[in-house]
file input.cif (mmCIF, C-alpha atoms and all ligand atoms)
data_upload
loop_
_atom_site.label_atom_id
_atom_site.label_comp_id
_atom_site.auth_asym_id
_atom_site.auth_seq_id
_atom_site.Cartn_x
_atom_site.Cartn_y
_atom_site.Cartn_z
CA PHE A 92 38.00 101.42 150.06
CA LEU A 93 41.68 101.87 150.88
CA LYS A 94 42.40 98.47 149.40
CA ARG A 95 40.61 99.48 146.20
CA VAL A 96 42.58 102.74 145.97
CA CYS A 97 45.85 100.89 146.50
CA THR A 98 44.97 98.29 143.90
CA THR A 99 43.92 101.02 141.45
CA THR A 100 47.11 103.02 142.16
CA ALA A 101 49.24 99.91 141.64
CA ALA A 102 47.42 99.17 138.39
CA ILE A 103 47.95 102.74 137.20
CA SER A 104 51.65 102.71 138.02
CA ILE A 105 52.14 99.33 136.31
CA THR A 106 50.31 100.71 133.25
CA ALA A 107 52.45 103.85 133.39
CA MET A 108 55.60 101.75 133.53
CA LEU A 109 54.46 99.68 130.58
CA VAL A 110 53.58 102.80 128.59
CA ALA A 111 56.93 104.38 129.46
CA GLY A 112 58.70 101.17 128.48
CA ALA A 113 56.76 100.98 125.24
CA ALA A 114 57.50 104.63 124.48
CA GLN A 115 61.19 103.96 124.80
CA ALA A 116 61.12 101.09 122.33
CA LYS A 117 62.59 102.33 119.10
CA ASN A 118 62.95 101.24 115.52
CA PHE A 119 66.21 102.86 114.38
CA LYS A 120 66.14 103.96 110.75
CA ILE A 121 69.50 103.30 109.09
CA ALA A 122 70.33 104.89 105.73
CA VAL A 123 72.69 102.64 103.75
CA GLY A 124 74.56 104.03 100.75
CA ASP A 125 75.15 100.64 99.09
CA SER A 126 72.80 97.88 98.02
CA GLY A 127 72.13 94.35 99.32
CA GLY A 128 75.15 92.04 99.41
CA SER A 129 77.52 94.91 100.28
CA SER A 130 79.92 95.21 103.19
CA GLN A 131 77.76 98.05 104.47
CA GLU A 132 74.76 95.73 104.57
CA ALA A 133 76.83 93.14 106.50
CA THR A 134 77.58 95.79 109.14
CA GLY A 135 73.96 96.94 109.24
CA LEU A 136 72.62 93.41 109.68
CA GLY A 137 75.26 92.67 112.33
CA PHE A 138 74.13 95.77 114.21
CA LYS A 139 70.43 94.97 113.86
CA SER A 140 70.70 91.42 115.19
CA ALA A 141 72.96 92.43 118.12
CA LEU A 142 70.63 95.32 118.99
CA GLU A 143 67.56 93.11 118.98
CA GLU A 144 69.27 90.44 121.06
CA LEU A 145 70.84 92.81 123.60
CA SER A 146 67.61 94.75 124.10
CA GLY A 147 65.56 91.55 124.45
CA GLY A 148 63.57 92.51 121.35
CA LYS A 149 62.66 95.97 122.65
CA HIS A 150 64.61 97.86 120.00
CA THR A 151 64.94 97.03 116.35
CA ALA A 152 66.44 98.60 113.24
CA THR A 153 65.43 98.94 109.59
CA LEU A 154 68.00 99.27 106.80
CA PHE A 155 67.11 101.54 103.87
CA LEU A 156 69.51 100.29 101.20
CA ASN A 157 70.91 101.81 98.04
CA GLY A 158 70.78 105.48 98.97
CA GLN A 159 66.97 105.45 99.37
CA LEU A 160 67.24 108.10 102.10
CA GLY A 161 69.50 110.42 100.10
CA SER A 162 73.12 110.82 99.09
CA GLU A 163 75.69 109.72 101.68
CA GLN A 164 76.77 113.30 102.35
CA ASP A 165 73.15 114.43 102.78
CA THR A 166 72.57 111.73 105.40
CA VAL A 167 75.28 113.28 107.59
CA ASN A 168 73.33 116.55 107.65
CA ASP A 169 70.06 114.73 108.34
CA ALA A 170 71.57 112.79 111.24
CA ALA A 171 73.19 115.96 112.61
CA ILE A 172 69.80 117.66 112.94
CA GLY A 173 68.15 114.49 114.28
CA THR A 174 65.75 113.83 111.38
CA LEU A 175 67.61 110.58 110.63
CA ASP A 176 68.75 108.09 113.30
CA MET A 177 71.71 106.41 111.64
CA SER A 178 73.66 106.11 108.41
CA LEU A 179 76.19 103.71 106.94
CA LEU A 180 78.51 105.53 104.57
CA ALA A 181 82.07 105.72 103.31
CA ILE A 182 84.39 107.75 105.53
CA ASN A 183 85.39 109.90 102.56
CA ASN A 184 81.83 111.24 102.65
CA ILE A 185 82.21 112.34 106.30
CA THR A 186 85.54 114.14 105.75
CA PRO A 187 83.92 117.33 104.35
CA PHE A 188 82.11 117.71 107.71
CA SER A 189 84.94 116.58 110.00
CA PRO A 190 88.29 117.07 108.27
CA THR A 191 90.47 115.15 110.77
CA VAL A 192 88.95 111.83 109.64
CA GLY A 193 90.73 112.57 106.35
CA VAL A 194 93.80 110.90 107.85
CA PHE A 195 92.10 107.56 106.98
CA THR A 196 91.61 108.71 103.37
CA LEU A 197 95.18 109.90 102.72
CA PRO A 198 96.54 107.73 99.90
CA TYR A 199 98.69 104.73 100.85
CA VAL A 200 98.44 105.21 104.63
CA ILE A 201 96.34 102.12 105.50
CA LEU A 202 97.92 99.12 103.81
CA SER A 203 95.87 96.16 105.10
CA LEU A 204 92.69 95.09 106.90
CA GLU A 205 94.81 94.56 110.01
CA ASP A 206 96.02 98.20 109.83
CA ALA A 207 92.41 99.34 109.49
CA GLU A 208 91.25 97.28 112.48
CA LYS A 209 94.11 98.46 114.65
CA LEU A 210 93.62 102.14 113.82
CA THR A 211 89.84 102.28 114.08
CA GLN A 212 89.61 100.23 117.27
CA GLY A 213 92.49 101.99 119.05
CA PRO A 214 92.98 105.49 120.51
CA ILE A 215 93.08 107.16 117.08
CA GLY A 216 89.67 105.76 116.16
CA GLN A 217 88.36 106.99 119.52
CA GLU A 218 89.76 110.47 118.94
CA LEU A 219 88.20 110.68 115.46
CA THR A 220 84.87 109.54 116.91
CA GLU A 221 84.98 112.43 119.39
CA ASN A 222 85.92 114.84 116.60
CA THR A 223 82.93 113.83 114.46
CA ILE A 224 80.61 114.41 117.42
CA ASN A 225 81.97 117.92 117.89
CA ASP A 226 82.36 118.84 114.22
CA ALA A 227 79.43 117.09 112.59
CA GLY A 228 76.93 116.14 115.34
CA VAL A 229 77.25 112.42 114.59
CA ARG A 230 78.87 109.62 116.57
CA ILE A 231 80.70 106.69 114.96
CA ILE A 232 79.47 103.48 116.61
CA ALA A 233 80.81 100.83 114.20
CA TRP A 234 83.36 100.50 111.41
CA THR A 235 82.87 98.69 108.11
CA TYR A 236 86.04 97.38 106.48
CA THR A 237 85.29 97.26 102.77
CA GLY A 238 88.71 96.64 101.25
CA PHE A 239 90.96 98.53 98.83
CA ARG A 240 89.32 100.89 96.37
CA VAL A 241 90.31 99.44 93.02
CA LEU A 242 89.95 101.46 89.83
CA THR A 243 87.38 100.44 87.22
CA ASN A 244 86.71 101.85 83.75
CA SER A 245 84.86 100.99 80.57
CA LYS A 246 87.57 101.84 78.04
CA LYS A 247 91.01 100.25 78.49
CA PRO A 248 93.30 98.32 80.82
CA VAL A 249 95.17 100.81 83.02
CA LYS A 250 98.57 99.64 84.20
CA SER A 251 100.47 102.90 84.51
CA VAL A 252 99.80 106.49 85.48
CA ALA A 253 100.18 107.42 81.80
CA ASP A 254 97.31 105.03 80.91
CA LEU A 255 94.91 107.25 82.87
CA GLU A 256 95.16 109.95 80.25
CA GLY A 257 91.87 110.48 78.41
CA LEU A 258 89.73 108.80 81.09
CA VAL A 259 87.02 110.69 82.93
CA ILE A 260 87.02 109.25 86.46
CA ARG A 261 84.28 109.86 89.00
CA VAL A 262 85.39 110.54 92.57
CA PRO A 263 83.39 111.38 95.71
CA LYS A 264 83.19 115.06 96.62
CA ASN A 265 86.37 114.69 98.64
CA GLU A 266 89.36 116.99 98.23
CA ILE A 267 91.96 114.36 99.13
CA MET A 268 90.71 112.01 96.43
CA ILE A 269 90.39 114.79 93.86
CA ASP A 270 93.99 115.84 94.54
CA THR A 271 95.22 112.26 94.36
CA TYR A 272 93.98 111.90 90.78
CA LYS A 273 95.43 115.33 89.98
CA SER A 274 98.80 114.05 91.22
CA TRP A 275 98.39 111.29 88.63
CA GLY A 276 97.86 113.88 85.91
CA ILE A 277 94.08 113.89 85.39
CA SER A 278 91.27 116.05 86.66
CA PRO A 279 88.55 113.75 88.09
CA THR A 280 84.81 114.45 88.19
CA PRO A 281 83.30 114.80 91.70
CA MET A 282 79.87 113.15 91.81
CA ALA A 283 77.55 111.95 94.60
CA TRP A 284 77.57 108.20 95.19
CA SER A 285 73.83 107.97 94.58
CA GLU A 286 74.38 109.28 91.01
CA THR A 287 77.41 107.18 90.15
CA PHE A 288 75.81 104.11 88.55
CA ALA A 289 73.75 106.34 86.24
CA GLY A 290 76.86 108.42 85.46
CA LEU A 291 78.74 105.29 84.38
CA GLN A 292 75.77 103.90 82.47
CA THR A 293 75.18 107.08 80.48
CA LYS A 294 78.96 107.46 79.99
CA VAL A 295 79.09 110.90 81.60
CA VAL A 296 82.09 109.30 83.32
CA ASP A 297 84.27 106.40 82.15
CA GLY A 298 85.34 105.01 85.50
CA GLN A 299 85.43 105.20 89.29
CA ASP A 300 87.08 103.51 92.25
CA ASN A 301 85.52 101.36 94.97
CA PRO A 302 86.24 98.02 96.66
CA TYR A 303 85.42 94.65 95.09
CA THR A 304 82.49 93.97 97.42
CA THR A 305 80.94 97.31 96.49
CA ILE A 306 81.50 96.86 92.75
CA ASN A 307 79.72 93.53 92.96
CA ALA A 308 76.84 94.66 95.18
CA MET A 309 76.22 97.72 92.98
CA LYS A 310 76.39 95.61 89.78
CA PHE A 311 79.07 97.87 88.27
CA TYR A 312 80.16 94.90 86.13
CA GLU A 313 77.16 95.76 83.95
CA VAL A 314 78.71 99.10 82.99
CA GLN A 315 82.46 98.64 83.64
CA LYS A 316 84.98 96.28 82.04
CA TYR A 317 88.53 96.87 83.34
CA VAL A 318 89.79 96.75 86.92
CA THR A 319 93.19 97.96 88.13
CA ASN A 320 94.31 96.69 91.52
CA ILE A 321 95.45 100.01 92.92
CA ARG A 322 95.55 100.09 96.71
CA TYR A 323 95.55 103.82 97.40
CA ILE A 324 92.67 103.82 99.91
CA PHE A 325 91.52 101.01 102.15
CA SER A 326 87.85 101.88 102.39
CA ILE A 327 86.45 102.33 105.87
CA GLU A 328 82.71 102.92 106.14
CA PRO A 329 81.40 103.92 109.56
CA LEU A 330 77.96 103.42 111.04
CA ILE A 331 77.05 106.79 112.53
CA ILE A 332 74.24 107.71 114.91
CA SER A 333 72.76 111.16 115.31
CA GLU A 334 74.32 112.53 118.52
CA GLN A 335 70.99 114.16 119.30
CA VAL A 336 69.21 110.78 119.07
CA PHE A 337 71.98 109.11 121.10
CA GLN A 338 71.70 111.67 123.90
CA GLU A 339 67.95 111.11 124.14
CA LEU A 340 68.52 107.41 125.02
CA SER A 341 68.85 106.09 128.57
CA ALA A 342 72.37 105.21 129.78
CA GLU A 343 71.41 101.53 129.52
CA ASP A 344 70.24 101.90 125.90
CA GLN A 345 73.37 103.89 125.00
CA GLU A 346 75.43 100.98 126.30
CA ILE A 347 73.37 98.55 124.19
CA ILE A 348 73.94 100.69 121.07
CA LEU A 349 77.71 100.83 121.65
CA THR A 350 77.95 97.08 122.31
CA ALA A 351 75.84 96.29 119.22
CA GLY A 352 78.21 98.57 117.27
CA LYS A 353 81.19 96.45 118.34
CA ALA A 354 79.38 93.31 117.14
CA ALA A 355 78.65 95.05 113.83
CA THR A 356 82.33 95.93 113.37
CA GLN A 357 83.24 92.29 113.88
CA ALA A 358 80.52 91.17 111.43
CA SER A 359 82.03 93.47 108.81
CA ALA A 360 85.58 92.11 109.29
CA ASP A 361 84.25 88.54 109.09
CA PHE A 362 82.34 89.35 105.88
CA LEU A 363 85.43 90.79 104.17
CA ARG A 364 87.69 87.91 105.23
CA GLU A 365 85.16 85.32 104.08
CA LYS A 366 83.84 86.91 100.90
CA GLU A 367 86.35 89.20 99.17
CA ALA A 368 88.29 86.53 97.23
CA GLU A 369 85.07 84.82 96.19
CA ILE A 370 83.57 88.12 95.00
CA LYS A 371 86.68 88.86 92.91
CA GLU A 372 86.11 85.54 91.11
CA ILE A 373 82.46 86.42 90.52
CA LEU A 374 83.52 89.69 88.87
CA ILE A 375 85.87 87.79 86.55
CA GLU A 376 83.01 85.41 85.66
CA LYS A 377 80.86 88.45 84.90
CA GLY A 378 83.47 89.49 82.34
CA MET A 379 85.65 92.00 84.15
CA GLU A 380 89.37 92.00 83.33
CA ILE A 381 91.63 92.55 86.31
CA VAL A 382 95.19 93.87 85.96
CA ASP A 383 97.90 94.90 88.41
CA PRO A 384 99.61 98.28 88.14
CA GLU A 385 103.14 97.97 86.77
CA ASN A 386 106.25 98.06 88.97
CA GLY A 387 104.33 97.25 92.13
CA GLU A 388 102.37 100.52 91.81
CA ALA A 389 105.58 102.49 92.52
CA GLU A 390 104.76 105.51 90.35
CA PHE A 391 101.20 105.85 91.70
CA ILE A 392 102.55 105.69 95.26
CA GLU A 393 105.40 108.13 94.74
CA LEU A 394 103.28 110.79 93.03
CA ALA A 395 100.35 110.59 95.44
CA THR A 396 102.27 110.55 98.70
CA THR A 397 104.64 113.34 97.64
CA ALA A 398 101.96 115.71 96.37
CA VAL A 399 98.95 114.91 98.54
CA TRP A 400 100.16 114.17 102.08
CA PRO A 401 101.74 117.59 102.82
CA LYS A 402 98.77 119.44 101.37
CA PHE A 403 96.45 117.97 104.03
CA TYR A 404 98.64 118.05 107.15
CA GLU A 405 96.81 121.11 108.43
CA SER A 406 93.29 119.76 107.90
CA ILE A 407 94.02 116.40 109.57
CA GLY A 408 95.41 118.14 112.66
CA GLY A 409 99.10 118.45 111.81
CA VAL A 410 101.84 116.19 110.49
CA GLU A 411 102.09 114.74 114.01
CA LYS A 412 98.62 113.15 113.51
CA LEU A 413 99.84 111.34 110.42
CA ASN A 414 102.95 110.27 112.32
CA ALA A 415 100.83 108.95 115.19
CA VAL A 416 98.85 106.88 112.67
CA LEU A 417 102.01 105.59 111.00
CA ALA A 418 103.55 104.71 114.40
CA GLU A 419 100.40 102.79 115.41
CA ILE A 420 100.80 100.52 112.37
CA GLY A 421 104.56 100.14 112.71
CA ARG A 422 105.63 102.49 109.90
CA ASP A 423 108.33 105.15 109.85
CA PRO A 424 107.32 108.80 110.42
CA VAL A 425 107.48 111.36 107.61
C1 LIG A 501 81.78 106.59 97.37
O1 LIG A 501 82.51 106.25 96.42
O2 LIG A 501 81.19 107.68 97.44
C2 LIG A 501 81.59 105.61 98.46
O3 LIG A 501 82.68 104.77 98.57
C3 LIG A 501 80.37 104.84 98.19
C4 LIG A 501 80.09 103.75 99.16
O4 LIG A 501 79.56 104.02 100.22
O5 LIG A 501 80.35 102.58 98.89
#

call {"tool": "encode", "arguments": {"input": "input.cif", "output": "structure tokens"}}
result
Amino acid sequence: FLKRVCTTTAAISITAMLVAGAAQAKNFKIAVGDSGGSSQEATGLGFKSALEELSGGKHTATLFLNGQLGSEQDTVNDAAIGTLDMSLLAINNITPFSPTVGVFTLPYVILSLEDAEKLTQGPIGQELTENTINDAGVRIIAWTYTGFRVLTNSKKPVKSVADLEGLVIRVPKNEIMIDTYKSWGISPTPMAWSETFAGLQTKVVDGQDNPYTTINAMKFYEVQKYVTNIRYIFSIEPLIISEQVFQELSAEDQEIILTAGKAATQASADFLREKEAEIKEILIEKGMEIVDPENGEAEFIELATTAVWPKFYESIGGVEKLNAVLAEIGRDPV
């Protein structure tokens, strides 16, 4: 009898362990603002494969591309309240919820992929991650490096600040970007990312800015003709996880998520290094005309940095924050 009880008890506890294990297995839902072929997708796929490998197949992830789960800014709210697990979105769409990350959106601060890698993977990136947890209830676990946001429009080649006159340019709902265009003499139109293609197609707006890989993935060449190689923002697009969801995971699973995030960051850097030049050629083949701003962009730089930087010192945590960023990438303080 005793033997039977012991055997039954052992069977029950093994079943309980299996059930508990099974209950912990999770399919993480990831909202992705951009479509297939984008830098965001490269990060998402890098995360998914690392997660599946590190968890021995226990956890998996599903990407919902092209804003299927809502506008990028809405996904921050959804993740904050725990109704969405994760989101991949441009950092400019997190700034309204956690203003200190705006330091990465200030015009002409990040001047290369190497700057972006150094800043995001160093102490400043860590500090901003902690700030987004406290301010917005989301944790940054990976960084997408998407490249410089170049300007596109359907009407004319833009080489100078004066050429912008008469163009209606869409920008994200981001004060720093709105003020940057104002410093260049035009009043841009804030519009959610999920509405931008339609806005360009129906000519509610004439142009927008985003990196080459995004322009290609979103097929903007169908509705835009001219590209200007401005380099005012190097686009960084984090993978965020709901802090509530993260805290519900075991310590071991949290570690897996963070390690998979590092692999995803690397996948994104590899994608940009391998694909950006090729994608630029594809856009030319599709009929886009690419021009450089005149005088090495000097007028754009001068106007934006003079007018916009001081206006946002307070929201990014003081001028000393900007100086810490500049020091980290070997530039002089303001
Ligand atoms: C935006 O312009 O709102 C974003 O850069 C879109 C994106 O995630 O690519």

call {"tool": "atom_distance", "arguments": {"input": "input.cif", "atom1": "atom CA of A:Glu388", "atom2": "atom C1 of ligand LIG 501 (chain A)"}}
result
22.2 Å

call {"tool": "residues_near_ligand", "arguments": {"input": "input.cif", "ligand": "ligand LIG 501 (chain A)", "cutoff": "10 Å", "atoms": "all atoms listed in the file", "output": "ChimeraX atom specification"}}
result
/A:123-126,129-131,157-158,162-164,179-184,237,240,261-265,281-287,299-302,304-306,308-309,326-329

call {"tool": "residues_near_point", "arguments": {"input": "input.cif", "point": "(84.7, 98.2, 111.7)", "cutoff": "8 Å", "atoms": "all atoms listed in the file", "output": "PyMOL selection string"}}
result
chain A and resi 134+208+211-212+233-236+327-329+353+355-357+359-360

call {"tool": "closest_residue", "arguments": {"input": "input.cif", "among": "A:Ser274, A:Glu369, A:Gln315, A:Thr174", "to": "A:Thr293", "atoms": "only C-alpha atoms"}}
result
A:Gln315

call {"tool": "residues_near_point", "arguments": {"input": "input.cif", "point": "(96.1, 112.3, 91.9)", "cutoff": "10 Å", "atoms": "all atoms listed in the file", "output": "PyMOL selection string"}}
result
chain A and resi 198+252+267-279+391-392+394-396+398-399

call {"tool": "residues_around", "arguments": {"input": "input.cif", "residues": "A:Lys139", "least_positions_apart": "5", "cutoff": "9 Å", "atoms": "only C-alpha atoms", "output": "PDB file with C-alpha atoms, keeping the file's coordinate frame"}}
result
ATOM      1  CA  PHE A 119      66.210 102.860 114.380  1.00  0.00           C
ATOM      2  CA  THR A 134      77.580  95.790 109.140  1.00  0.00           C
ATOM      3  CA  GLU A 144      69.270  90.440 121.060  1.00  0.00           C
ATOM      4  CA  HIS A 150      64.610  97.860 120.000  1.00  0.00           C
ATOM      5  CA  THR A 151      64.940  97.030 116.350  1.00  0.00           C
ATOM      6  CA  ALA A 152      66.440  98.600 113.240  1.00  0.00           C
ATOM      7  CA  THR A 153      65.430  98.940 109.590  1.00  0.00           C
ATOM      8  CA  LEU A 154      68.000  99.270 106.800  1.00  0.00           C
ATOM      9  CA  ALA A 351      75.840  96.290 119.220  1.00  0.00           C
ATOM     10  CA  ALA A 355      78.650  95.050 113.830  1.00  0.00           C
TER      11      ALA A 355
END

call {"tool": "residues_around", "arguments": {"input": "input.cif", "residues": "A:Leu145", "least_positions_apart": "4", "cutoff": "9 Å", "atoms": "only C-alpha atoms", "output": "number ranges by chain"}}
result
A: 140-141, 149-150, 347-348, 350-351

call {"tool": "write_last_selection", "arguments": {"input": "input.cif", "atoms": "C-alpha atoms", "output": "mmCIF file, in the coordinates of the input"}}
result
data_model
loop_
_atom_site.group_PDB
_atom_site.id
_atom_site.type_symbol
_atom_site.label_atom_id
_atom_site.label_comp_id
_atom_site.auth_asym_id
_atom_site.auth_seq_id
_atom_site.Cartn_x
_atom_site.Cartn_y
_atom_site.Cartn_z
ATOM 1 C CA SER A 140 70.700 91.420 115.190
ATOM 2 C CA ALA A 141 72.960 92.430 118.120
ATOM 3 C CA LYS A 149 62.660 95.970 122.650
ATOM 4 C CA HIS A 150 64.610 97.860 120.000
ATOM 5 C CA ILE A 347 73.370 98.550 124.190
ATOM 6 C CA ILE A 348 73.940 100.690 121.070
ATOM 7 C CA THR A 350 77.950 97.080 122.310
ATOM 8 C CA ALA A 351 75.840 96.290 119.220
#

call {"tool": "atom_distance", "arguments": {"input": "input.cif", "atom1": "atom CA of A:Asp254", "atom2": "atom CA of A:Gly193"}}
result
27.3 Å

call {"tool": "closest_residue", "arguments": {"input": "input.cif", "among": "A:Ile201, A:Val241, A:Leu349, A:Ala207", "to": "A:Ile331", "atoms": "all atoms listed in the file"}}
result
A:Leu349

call {"tool": "closest_residue", "arguments": {"input": "input.cif", "among": "A:Ala227, A:Ile121, A:Ile375, A:Ala354", "to": "A:Ile172", "atoms": "only C-alpha atoms"}}
result
A:Ala227

call {"tool": "closest_residue", "arguments": {"input": "input.cif", "among": "A:Lys412, A:Arg230, A:Lys294, A:Lys250", "to": "A:Ile215", "atoms": "all atoms listed in the file"}}
result
A:Lys412

call {"tool": "residues_around", "arguments": {"input": "input.cif", "residues": "A:Ala122", "least_positions_apart": "4", "cutoff": "6 Å", "atoms": "only C-alpha atoms", "output": "JSON, numbers by chain"}}
result
{"A": [155, 160, 178]}

call {"tool": "decode", "arguments": {"input": "input.cif", "residues": "stretch 301-317 of chain A", "atoms": "N, CA, C and O atoms", "output": "tab-separated table (two decimals), in the first residue's frame"}}
result
chain	number	residue	atom	x	y	z
A	301	ASN	N	12.62	59.17	-42.79
A	301	ASN	CA	12.88	57.86	-42.18
A	301	ASN	C	14.11	57.26	-42.86
A	301	ASN	O	14.47	57.68	-43.97
A	302	PRO	N	14.74	56.27	-42.24
A	302	PRO	CA	15.95	55.69	-42.84
A	302	PRO	C	15.67	54.91	-44.12
A	302	PRO	O	14.54	54.48	-44.37
A	303	TYR	N	16.75	54.68	-44.88
A	303	TYR	CA	16.62	53.95	-46.15
A	303	TYR	C	15.94	52.59	-45.98
A	303	TYR	O	15.08	52.21	-46.79
A	304	THR	N	16.35	51.84	-44.96
A	304	THR	CA	15.79	50.48	-44.81
A	304	THR	C	14.28	50.56	-44.56
A	304	THR	O	13.54	49.69	-45.01
A	305	THR	N	13.86	51.59	-43.86
A	305	THR	CA	12.42	51.74	-43.58
A	305	THR	C	11.67	52.16	-44.84
A	305	THR	O	10.60	51.63	-45.14
A	306	ILE	N	12.25	53.11	-45.57
A	306	ILE	CA	11.60	53.59	-46.81
A	306	ILE	C	11.37	52.42	-47.76
A	306	ILE	O	10.32	52.30	-48.39
A	307	ASN	N	12.37	51.54	-47.83
A	307	ASN	CA	12.26	50.39	-48.73
A	307	ASN	C	11.22	49.39	-48.21
A	307	ASN	O	10.32	48.97	-48.94
A	308	ALA	N	11.33	49.04	-46.92
A	308	ALA	CA	10.40	48.04	-46.37
A	308	ALA	C	8.95	48.52	-46.47
A	308	ALA	O	8.05	47.72	-46.72
A	309	MET	N	8.75	49.83	-46.30
A	309	MET	CA	7.38	50.35	-46.29
A	309	MET	C	6.89	50.73	-47.70
A	309	MET	O	5.82	51.30	-47.86
A	310	LYS	N	7.76	50.46	-48.71
A	310	LYS	CA	7.42	50.75	-50.11
A	310	LYS	C	7.07	52.24	-50.35
A	310	LYS	O	6.20	52.57	-51.17
A	311	PHE	N	7.76	53.12	-49.66
A	311	PHE	CA	7.50	54.55	-49.85
A	311	PHE	C	7.89	55.03	-51.25
A	311	PHE	O	7.44	56.07	-51.69
A	312	TYR	N	8.75	54.22	-51.94
A	312	TYR	CA	9.12	54.61	-53.31
A	312	TYR	C	7.89	54.64	-54.22
A	312	TYR	O	7.92	55.27	-55.27
A	313	GLU	N	6.81	54.00	-53.81
A	313	GLU	CA	5.59	54.05	-54.63
A	313	GLU	C	4.91	55.42	-54.56
A	313	GLU	O	4.14	55.76	-55.45
A	314	VAL	N	5.18	56.17	-53.51
A	314	VAL	CA	4.46	57.44	-53.32
A	314	VAL	C	5.41	58.63	-53.09
A	314	VAL	O	4.95	59.75	-52.84
A	315	GLN	N	6.72	58.38	-53.16
A	315	GLN	CA	7.71	59.45	-52.95
A	315	GLN	C	8.76	59.39	-54.06
A	315	GLN	O	9.09	58.29	-54.54
A	316	LYS	N	9.29	60.55	-54.44
A	316	LYS	CA	10.24	60.58	-55.56
A	316	LYS	C	11.65	61.02	-55.12
A	316	LYS	O	12.65	60.45	-55.51
A	317	TYR	N	11.71	62.10	-54.33
A	317	TYR	CA	13.00	62.74	-54.04
A	317	TYR	C	13.49	62.40	-52.62
A	317	TYR	O	12.70	62.39	-51.68
